[in-house]
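For reference, start.pdb is printed below; it contains PDB, C-alpha atoms, pLDDT in the B column.
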ATOM      1  CA  GLY A   1      23.449 -51.895 -41.873  1.00 49.00           C
ATOM      2  CA  GLU A   2      20.843 -52.835 -39.342  1.00 66.00           C
ATOM      3  CA  GLY A   3      20.157 -50.408 -36.533  1.00 84.00           C
ATOM      4  CA  GLU A   4      19.694 -51.063 -32.835  1.00 90.00           C
ATOM      5  CA  SER A   5      17.240 -53.866 -32.147  1.00 89.00           C
ATOM      6  CA  ILE A   6      15.064 -53.838 -29.011  1.00 91.00           C
ATOM      7  CA  ILE A   7      12.568 -56.470 -27.870  1.00 90.00           C
ATOM      8  CA  SER A   8       9.992 -55.705 -25.195  1.00 91.00           C
ATOM      9  CA  ARG A   9       6.719 -57.083 -23.860  1.00 90.00           C
ATOM     10  CA  PHE A  10       3.509 -55.071 -23.949  1.00 92.00           C
ATOM     11  CA  ARG A  11       0.078 -55.960 -22.589  1.00 90.00           C
ATOM     12  CA  LEU A  12      -2.715 -54.641 -24.798  1.00 88.00           C
ATOM     13  CA  GLY A  13      -6.369 -55.518 -24.384  1.00 85.00           C
ATOM     14  CA  GLY A  14      -5.523 -58.223 -21.850  1.00 88.00           C
ATOM     15  CA  ARG A  15      -3.078 -59.989 -24.212  1.00 90.00           C
ATOM     16  CA  SER A  16       0.720 -60.123 -24.222  1.00 91.00           C
ATOM     17  CA  PHE A  17       2.550 -58.957 -27.323  1.00 93.00           C
ATOM     18  CA  TYR A  18       6.253 -58.914 -28.021  1.00 92.00           C
ATOM     19  CA  PHE A  19       7.438 -55.829 -29.870  1.00 93.00           C
ATOM     20  CA  ARG A  20      10.707 -55.944 -31.753  1.00 92.00           C
ATOM     21  CA  SER A  21      11.781 -52.578 -33.043  1.00 93.00           C
ATOM     22  CA  ILE A  22      14.833 -51.792 -35.130  1.00 93.00           C
ATOM     23  CA  TRP A  23      15.998 -48.181 -34.979  1.00 95.00           C
ATOM     24  CA  SER A  24      18.186 -46.489 -37.543  1.00 94.00           C
ATOM     25  CA  VAL A  25      19.123 -42.806 -37.733  1.00 92.00           C
ATOM     26  CA  HIS A  26      16.148 -41.798 -39.932  1.00 94.00           C
ATOM     27  CA  SER A  27      13.562 -44.577 -39.610  1.00 95.00           C
ATOM     28  CA  PHE A  28      12.378 -47.601 -37.659  1.00 96.00           C
ATOM     29  CA  SER A  29      10.644 -50.883 -38.263  1.00 95.00           C
ATOM     30  CA  MET A  30       8.453 -52.938 -35.959  1.00 95.00           C
ATOM     31  CA  SER A  31       7.349 -56.500 -35.642  1.00 93.00           C
ATOM     32  CA  LEU A  32       4.670 -57.558 -33.192  1.00 94.00           C
ATOM     33  CA  THR A  33       3.901 -61.107 -32.184  1.00 92.00           C
ATOM     34  CA  ASP A  34       1.493 -62.753 -29.785  1.00 90.00           C
ATOM     35  CA  GLY A  35       3.468 -65.998 -30.179  1.00 88.00           C
ATOM     36  CA  LYS A  36       1.155 -67.286 -32.893  1.00 89.00           C
ATOM     37  CA  TYR A  37       0.873 -64.483 -35.426  1.00 91.00           C
ATOM     38  CA  VAL A  38       3.388 -61.867 -36.495  1.00 93.00           C
ATOM     39  CA  TRP A  39       2.689 -58.415 -37.942  1.00 95.00           C
ATOM     40  CA  CYS A  40       5.419 -56.204 -39.416  1.00 95.00           C
ATOM     41  CA  GLY A  41       5.683 -52.639 -40.652  1.00 96.00           C
ATOM     42  CA  ASP A  42       8.223 -49.975 -41.557  1.00 96.00           C
ATOM     43  CA  ALA A  43       8.199 -46.302 -40.689  1.00 96.00           C
ATOM     44  CA  THR A  44      10.347 -44.856 -43.463  1.00 96.00           C
ATOM     45  CA  GLN A  45      11.890 -41.410 -43.179  1.00 95.00           C
ATOM     46  CA  GLU A  46       9.344 -40.141 -45.725  1.00 96.00           C
ATOM     47  CA  TYR A  47       6.397 -41.587 -43.742  1.00 95.00           C
ATOM     48  CA  ILE A  48       7.732 -40.110 -40.503  1.00 95.00           C
ATOM     49  CA  GLU A  49       8.336 -36.668 -42.061  1.00 94.00           C
ATOM     50  CA  ASN A  50       4.964 -36.523 -43.864  1.00 93.00           C
ATOM     51  CA  LYS A  51       2.583 -38.366 -41.526  1.00 93.00           C
ATOM     52  CA  LEU A  52       3.965 -38.616 -38.011  1.00 93.00           C
ATOM     53  CA  LYS A  53       6.372 -35.871 -37.032  1.00 92.00           C
ATOM     54  CA  PRO A  54       4.905 -32.519 -35.981  1.00 89.00           C
ATOM     55  CA  ALA A  55       6.357 -29.548 -37.858  1.00 88.00           C
ATOM     56  CA  GLY A  56       9.133 -27.848 -35.917  1.00 88.00           C
ATOM     57  CA  LEU A  57      10.331 -31.043 -34.275  1.00 90.00           C
ATOM     58  CA  LEU A  58      13.649 -32.428 -35.481  1.00 92.00           C
ATOM     59  CA  LEU A  59      13.575 -35.959 -36.899  1.00 93.00           C
ATOM     60  CA  GLU A  60      16.163 -37.072 -34.333  1.00 93.00           C
ATOM     61  CA  GLU A  61      14.076 -35.687 -31.436  1.00 93.00           C
ATOM     62  CA  TYR A  62      10.936 -37.304 -32.821  1.00 93.00           C
ATOM     63  CA  LEU A  63      12.645 -40.693 -33.147  1.00 94.00           C
ATOM     64  CA  ASN A  64      14.080 -40.477 -29.614  1.00 93.00           C
ATOM     65  CA  MET A  65      10.625 -39.764 -28.138  1.00 92.00           C
ATOM     66  CA  THR A  66       8.983 -42.488 -30.202  1.00 94.00           C
ATOM     67  CA  LYS A  67      11.693 -44.992 -29.326  1.00 94.00           C
ATOM     68  CA  LYS A  68      11.098 -44.386 -25.609  1.00 93.00           C
ATOM     69  CA  ALA A  69       7.367 -44.924 -26.117  1.00 92.00           C
ATOM     70  CA  LEU A  70       7.691 -48.106 -28.170  1.00 93.00           C
ATOM     71  CA  THR A  71      10.455 -49.928 -26.319  1.00 91.00           C
ATOM     72  CA  LYS A  72       9.067 -49.995 -22.770  1.00 90.00           C
ATOM     73  CA  GLN A  73       5.380 -49.964 -21.925  1.00 90.00           C
ATOM     74  CA  ASP A  74       4.121 -47.231 -19.646  1.00 88.00           C
ATOM     75  CA  THR A  75       1.568 -49.219 -17.647  1.00 86.00           C
ATOM     76  CA  SER A  76       0.463 -46.079 -15.771  1.00 87.00           C
ATOM     77  CA  LYS A  77      -0.631 -44.605 -19.146  1.00 85.00           C
ATOM     78  CA  LYS A  78       0.480 -41.193 -17.848  1.00 87.00           C
ATOM     79  CA  GLN A  79       3.253 -40.647 -20.376  1.00 89.00           C
ATOM     80  CA  TYR A  80       2.348 -43.106 -23.146  1.00 92.00           C
ATOM     81  CA  SER A  81      -0.765 -44.988 -24.156  1.00 91.00           C
ATOM     82  CA  TYR A  82      -1.306 -47.584 -26.869  1.00 92.00           C
ATOM     83  CA  SER A  83      -3.970 -49.410 -28.788  1.00 91.00           C
ATOM     84  CA  LEU A  84      -4.245 -51.978 -31.550  1.00 92.00           C
ATOM     85  CA  GLN A  85      -6.925 -51.321 -34.147  1.00 92.00           C
ATOM     86  CA  GLN A  86      -8.168 -53.045 -37.261  1.00 91.00           C
ATOM     87  CA  GLY A  87      -6.013 -52.031 -40.207  1.00 89.00           C
ATOM     88  CA  GLU A  88      -6.730 -51.451 -43.905  1.00 89.00           C
ATOM     89  CA  THR A  89      -7.452 -55.136 -44.545  1.00 90.00           C
ATOM     90  CA  ALA A  90      -8.125 -58.247 -42.467  1.00 89.00           C
ATOM     91  CA  ASN A  91      -4.393 -58.981 -42.632  1.00 92.00           C
ATOM     92  CA  HIS A  92      -3.423 -55.592 -41.206  1.00 93.00           C
ATOM     93  CA  ILE A  93      -3.488 -54.215 -37.696  1.00 93.00           C
ATOM     94  CA  LYS A  94      -2.756 -50.643 -36.792  1.00 95.00           C
ATOM     95  CA  LEU A  95      -0.578 -49.849 -33.810  1.00 94.00           C
ATOM     96  CA  VAL A  96      -1.546 -46.465 -32.380  1.00 94.00           C
ATOM     97  CA  TRP A  97       0.388 -44.668 -29.652  1.00 94.00           C
ATOM     98  CA  HIS A  98      -0.029 -41.359 -27.857  1.00 92.00           C
ATOM     99  CA  ILE A  99       2.859 -39.506 -26.268  1.00 92.00           C
ATOM    100  CA  ASN A 100       1.721 -37.121 -23.546  1.00 90.00           C
ATOM    101  CA  LEU A 101       4.156 -34.218 -23.900  1.00 83.00           C
ATOM    102  CA  GLY A 102       3.088 -32.482 -20.704  1.00 76.00           C
ATOM    103  CA  TYR A 103       2.786 -35.517 -18.429  1.00 68.00           C
ATOM    104  CA  ASP A 104       4.823 -33.849 -15.675  1.00 70.00           C
ATOM    105  CA  SER A 105       2.880 -30.571 -15.921  1.00 69.00           C
ATOM    106  CA  ASP A 106      -0.715 -29.382 -16.310  1.00 68.00           C
ATOM    107  CA  SER A 107      -0.470 -29.379 -20.101  1.00 68.00           C
ATOM    108  CA  ASN A 108      -2.375 -32.057 -21.983  1.00 70.00           C
ATOM    109  CA  LEU A 109      -0.488 -31.655 -25.227  1.00 80.00           C
ATOM    110  CA  SER A 110      -0.034 -35.004 -26.905  1.00 85.00           C
ATOM    111  CA  MET A 111       1.478 -36.452 -30.047  1.00 90.00           C
ATOM    112  CA  LYS A 112      -0.157 -39.358 -31.840  1.00 92.00           C
ATOM    113  CA  GLY A 113       1.602 -41.948 -33.956  1.00 94.00           C
ATOM    114  CA  GLU A 114       0.335 -44.892 -35.929  1.00 95.00           C
ATOM    115  CA  LEU A 115       1.818 -47.645 -38.028  1.00 96.00           C
ATOM    116  CA  GLU A 116       0.088 -50.205 -40.257  1.00 96.00           C
ATOM    117  CA  LEU A 117       1.434 -53.695 -39.667  1.00 95.00           C
ATOM    118  CA  LEU A 118       0.911 -56.533 -42.146  1.00 94.00           C
ATOM    119  CA  ARG A 119       0.425 -60.092 -40.934  1.00 94.00           C
ATOM    120  CA  LYS A 120       3.249 -62.367 -42.058  1.00 91.00           C
ATOM    121  CA  THR A 121       2.388 -65.656 -43.716  1.00 88.00           C
ATOM    122  CA  ASP A 122       5.422 -67.341 -42.090  1.00 86.00           C
ATOM    123  CA  PRO A 123       5.608 -66.126 -38.483  1.00 79.00           C
ATOM    124  CA  ARG A 124       8.257 -68.722 -37.591  1.00 84.00           C
ATOM    125  CA  THR A 125      11.121 -66.746 -39.145  1.00 84.00           C
ATOM    126  CA  VAL A 126      10.374 -63.590 -37.158  1.00 81.00           C
ATOM    127  CA  ILE A 127       9.816 -65.506 -33.902  1.00 82.00           C
ATOM    128  CA  GLN A 128      13.134 -67.345 -34.414  1.00 84.00           C
ATOM    129  CA  GLU A 129      14.900 -64.024 -35.126  1.00 83.00           C
ATOM    130  CA  ASN A 130      13.470 -62.660 -31.864  1.00 79.00           C
ATOM    131  CA  MET A 131      14.694 -65.698 -29.928  1.00 83.00           C
ATOM    132  CA  ASN A 132      18.150 -65.503 -31.557  1.00 83.00           C
ATOM    133  CA  ASN A 133      18.308 -61.801 -30.746  1.00 82.00           C
ATOM    134  CA  LEU A 134      17.477 -62.434 -27.069  1.00 82.00           C
ATOM    135  CA  ILE A 135      19.991 -65.299 -26.830  1.00 84.00           C
ATOM    136  CA  GLU A 136      22.697 -63.109 -28.360  1.00 88.00           C
ATOM    137  CA  LYS A 137      21.929 -60.305 -25.885  1.00 85.00           C
ATOM    138  CA  THR A 138      21.997 -62.775 -22.970  1.00 85.00           C
ATOM    139  CA  ASN A 139      25.347 -64.203 -24.111  1.00 87.00           C
ATOM    140  CA  ASN A 140      26.809 -60.692 -24.435  1.00 88.00           C
ATOM    141  CA  LEU A 141      25.625 -59.818 -20.918  1.00 88.00           C
ATOM    142  CA  GLN A 142      27.122 -63.042 -19.515  1.00 91.00           C
ATOM    143  CA  GLU A 143      30.455 -62.280 -21.198  1.00 93.00           C
ATOM    144  CA  ASP A 144      30.411 -58.701 -19.883  1.00 91.00           C
ATOM    145  CA  ASN A 145      29.553 -60.006 -16.414  1.00 92.00           C
ATOM    146  CA  ALA A 146      32.456 -62.489 -16.480  1.00 92.00           C
ATOM    147  CA  GLU A 147      34.839 -59.687 -17.559  1.00 94.00           C
ATOM    148  CA  LEU A 148      33.604 -57.438 -14.732  1.00 93.00           C
ATOM    149  CA  ARG A 149      34.002 -60.233 -12.151  1.00 94.00           C
ATOM    150  CA  LYS A 150      37.571 -60.857 -13.347  1.00 95.00           C
ATOM    151  CA  MET A 151      38.358 -57.147 -13.171  1.00 93.00           C
ATOM    152  CA  ASN A 152      36.774 -56.919  -9.705  1.00 94.00           C
ATOM    153  CA  ALA A 153      38.858 -59.849  -8.414  1.00 93.00           C
ATOM    154  CA  MET A 154      42.010 -58.248  -9.830  1.00 93.00           C
ATOM    155  CA  LEU A 155      41.223 -54.895  -8.168  1.00 93.00           C
ATOM    156  CA  LYS A 156      40.486 -56.634  -4.839  1.00 93.00           C
ATOM    157  CA  ASN A 157      43.862 -58.384  -5.001  1.00 92.00           C
ATOM    158  CA  GLN A 158      45.640 -55.111  -5.829  1.00 92.00           C
ATOM    159  CA  ARG A 159      43.881 -53.426  -2.910  1.00 91.00           C
ATOM    160  CA  ASN A 160      44.779 -56.231  -0.501  1.00 91.00           C
ATOM    161  CA  ASP A 161      48.393 -56.183  -1.704  1.00 91.00           C
ATOM    162  CA  ALA A 162      48.535 -52.413  -1.163  1.00 91.00           C
ATOM    163  CA  ILE A 163      47.086 -52.764   2.357  1.00 91.00           C
ATOM    164  CA  ASP A 164      49.526 -55.584   3.247  1.00 89.00           C
ATOM    165  CA  GLN A 165      52.601 -53.477   2.369  1.00 83.00           C
TER     166      GLN A 165
END

Rewrite the structure from the file as structure tokens, please.
Amino acid sequence: GEGESIISRFRLGGRSFYFRSIWSVHSFSMSLTDGKYVWCGDATQEYIENKLKPAGLLLEEYLNMTKKALTKQDTSKKQYSYSLQQGETANHIKLVWHINLGYDSDSNLSMKGELELLRKTDPRTVIQENMNNLIEKTNNLQEDNAELRKMNAMLKNQRNDAIDQ
């Protein structure tokens, strides 16, 4: 099945991009859009193990760190930094990120990651999926909110009844 899907906004080189990442236990995939074009790529378990993950770091730990870096931009650039570079071909871009492992200490140990993203010929599908995903999340939050309000009202009534006795 599909893993957890997260959409976030990043500003890179003065432009806004929307990152959608889907996280499974052993891998992740990314789509990036500026609203006009869409680029997509997959980080398979094999790619992560052979190209990205430092030896001695568990896959799960690596994915947790990477997920934090790629789902919310660190505008201070203290913990994470990012860049978009030209990829293998004109239809590719390369997303590069650096995770500063010692950002709360004097250490300047960092971990670099990169993923080739291929430009999609039909960006509409991915943009619509992103919109549907956001609408679904909004609806879920509204339902949760309504449930919490109902529960809150019930608890208030119970409290008032208890005080009145």

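Of the residues listed (A:Phe19, A:Trp39, A:Phe10, A:Phe28), A:Trp39 shows the shortest atom-to-atom separation from Gly87 in chain A; distances use all atoms listed in the file.
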
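Pairwise distance (CA of Gln79 in chain A, CA of Lys137 in chain A) equals 27.7 Å.
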
> Could you pull the residues within 9 Å of Leu70 in chain A, counting only C-alpha atoms, minus those fewer than 6 positions along the same chain, as a VMD selection string?
Replying inline: chain A and resid 8 19 21 80 97

Resulting file, chosen residues, C-alpha atoms, as a PDB file, in the coordinates of the input:
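Generated output (again.pdb):
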ATOM      1  CA  SER A   8       9.992 -55.705 -25.195  1.00 91.00           C
ATOM      2  CA  PHE A  19       7.438 -55.829 -29.870  1.00 93.00           C
ATOM      3  CA  SER A  21      11.781 -52.578 -33.043  1.00 93.00           C
ATOM      4  CA  TYR A  80       2.348 -43.106 -23.146  1.00 92.00           C
ATOM      5  CA  TRP A  97       0.388 -44.668 -29.652  1.00 94.00           C
TER       6      TRP A  97
END

> Taking the file as shown, what set of residues would the PyMOL selection byres ((chain A and resi 100) around 7) give back, as a count of residues only?
Replying inline: 11

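Atom pair CA of Glu49 in chain A / CA of Gly113 in chain A: separated by 11.8 Å.
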
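Taking CA of Ile135 in chain A and CA of Lys36 in chain A as the two end points, the separation is 19.9 Å.
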
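When only C-alpha atoms are used to compute distances to Lys112 in chain A, the closest of the residues A:Tyr37, A:Leu95, A:Asp42, A:Ser5 turns out to be A:Leu95.
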
>> As a check of understanding, name the residues that the PyMOL selection byres ((chain A and resi 32) around 12) selects in the supplied structure, as a PyMOL selection string.
In response: chain A and resi 6-12+16-22+29-31+33-42+70-71+84+92-95+115-120+123+126-127+130

> Which residues come within 6 Å of Val96 in chain A, counting all atoms listed in the file, excluding same-chain residues fewer than 2 positions away, as a ChimeraX atom specification?
Replying inline: /A:82-83,113-114

Kindly export the residues of the current selection with C-alpha atoms, as a short mmCIF file (atom, residue, chain, number, x, y, z; two decimals), in the frame of the given file.
data_model
loop_
_atom_site.label_atom_id
_atom_site.label_comp_id
_atom_site.auth_asym_id
_atom_site.auth_seq_id
_atom_site.Cartn_x
_atom_site.Cartn_y
_atom_site.Cartn_z
CA TYR A 82 -1.31 -47.58 -26.87
CA SER A 83 -3.97 -49.41 -28.79
CA GLY A 113 1.60 -41.95 -33.96
CA GLU A 114 0.34 -44.89 -35.93
#

> What do you get, as a list of chain:residue names, if you spell out every residue that the PyMOL selection byres ((chain A and resi 57-60) around 12) selects here?
Replying inline: A:Trp23, A:Ser24, A:Val25, A:His26, A:Ser27, A:Phe28, A:Thr44, A:Gln45, A:Glu46, A:Tyr47, A:Ile48, A:Glu49, A:Asn50, A:Leu52, A:Lys53, A:Pro54, A:Ala55, A:Gly56, A:Glu61, A:Tyr62, A:Leu63, A:Asn64, A:Met65, A:Thr66, A:Lys67, A:Met111

Output C-alpha atoms of each residue in that selection to a file, as a PDB file, keeping the file's coordinate frame.
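Result file follows (selection.pdb):
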ATOM      1  CA  TRP A  23      15.998 -48.181 -34.979  1.00 95.00           C
ATOM      2  CA  SER A  24      18.186 -46.489 -37.543  1.00 94.00           C
ATOM      3  CA  VAL A  25      19.123 -42.806 -37.733  1.00 92.00           C
ATOM      4  CA  HIS A  26      16.148 -41.798 -39.932  1.00 94.00           C
ATOM      5  CA  SER A  27      13.562 -44.577 -39.610  1.00 95.00           C
ATOM      6  CA  PHE A  28      12.378 -47.601 -37.659  1.00 96.00           C
ATOM      7  CA  THR A  44      10.347 -44.856 -43.463  1.00 96.00           C
ATOM      8  CA  GLN A  45      11.890 -41.410 -43.179  1.00 95.00           C
ATOM      9  CA  GLU A  46       9.344 -40.141 -45.725  1.00 96.00           C
ATOM     10  CA  TYR A  47       6.397 -41.587 -43.742  1.00 95.00           C
ATOM     11  CA  ILE A  48       7.732 -40.110 -40.503  1.00 95.00           C
ATOM     12  CA  GLU A  49       8.336 -36.668 -42.061  1.00 94.00           C
ATOM     13  CA  ASN A  50       4.964 -36.523 -43.864  1.00 93.00           C
ATOM     14  CA  LEU A  52       3.965 -38.616 -38.011  1.00 93.00           C
ATOM     15  CA  LYS A  53       6.372 -35.871 -37.032  1.00 92.00           C
ATOM     16  CA  PRO A  54       4.905 -32.519 -35.981  1.00 89.00           C
ATOM     17  CA  ALA A  55       6.357 -29.548 -37.858  1.00 88.00           C
ATOM     18  CA  GLY A  56       9.133 -27.848 -35.917  1.00 88.00           C
ATOM     19  CA  GLU A  61      14.076 -35.687 -31.436  1.00 93.00           C
ATOM     20  CA  TYR A  62      10.936 -37.304 -32.821  1.00 93.00           C
ATOM     21  CA  LEU A  63      12.645 -40.693 -33.147  1.00 94.00           C
ATOM     22  CA  ASN A  64      14.080 -40.477 -29.614  1.00 93.00           C
ATOM     23  CA  MET A  65      10.625 -39.764 -28.138  1.00 92.00           C
ATOM     24  CA  THR A  66       8.983 -42.488 -30.202  1.00 94.00           C
ATOM     25  CA  LYS A  67      11.693 -44.992 -29.326  1.00 94.00           C
ATOM     26  CA  MET A 111       1.478 -36.452 -30.047  1.00 90.00           C
TER      27      MET A 111
END
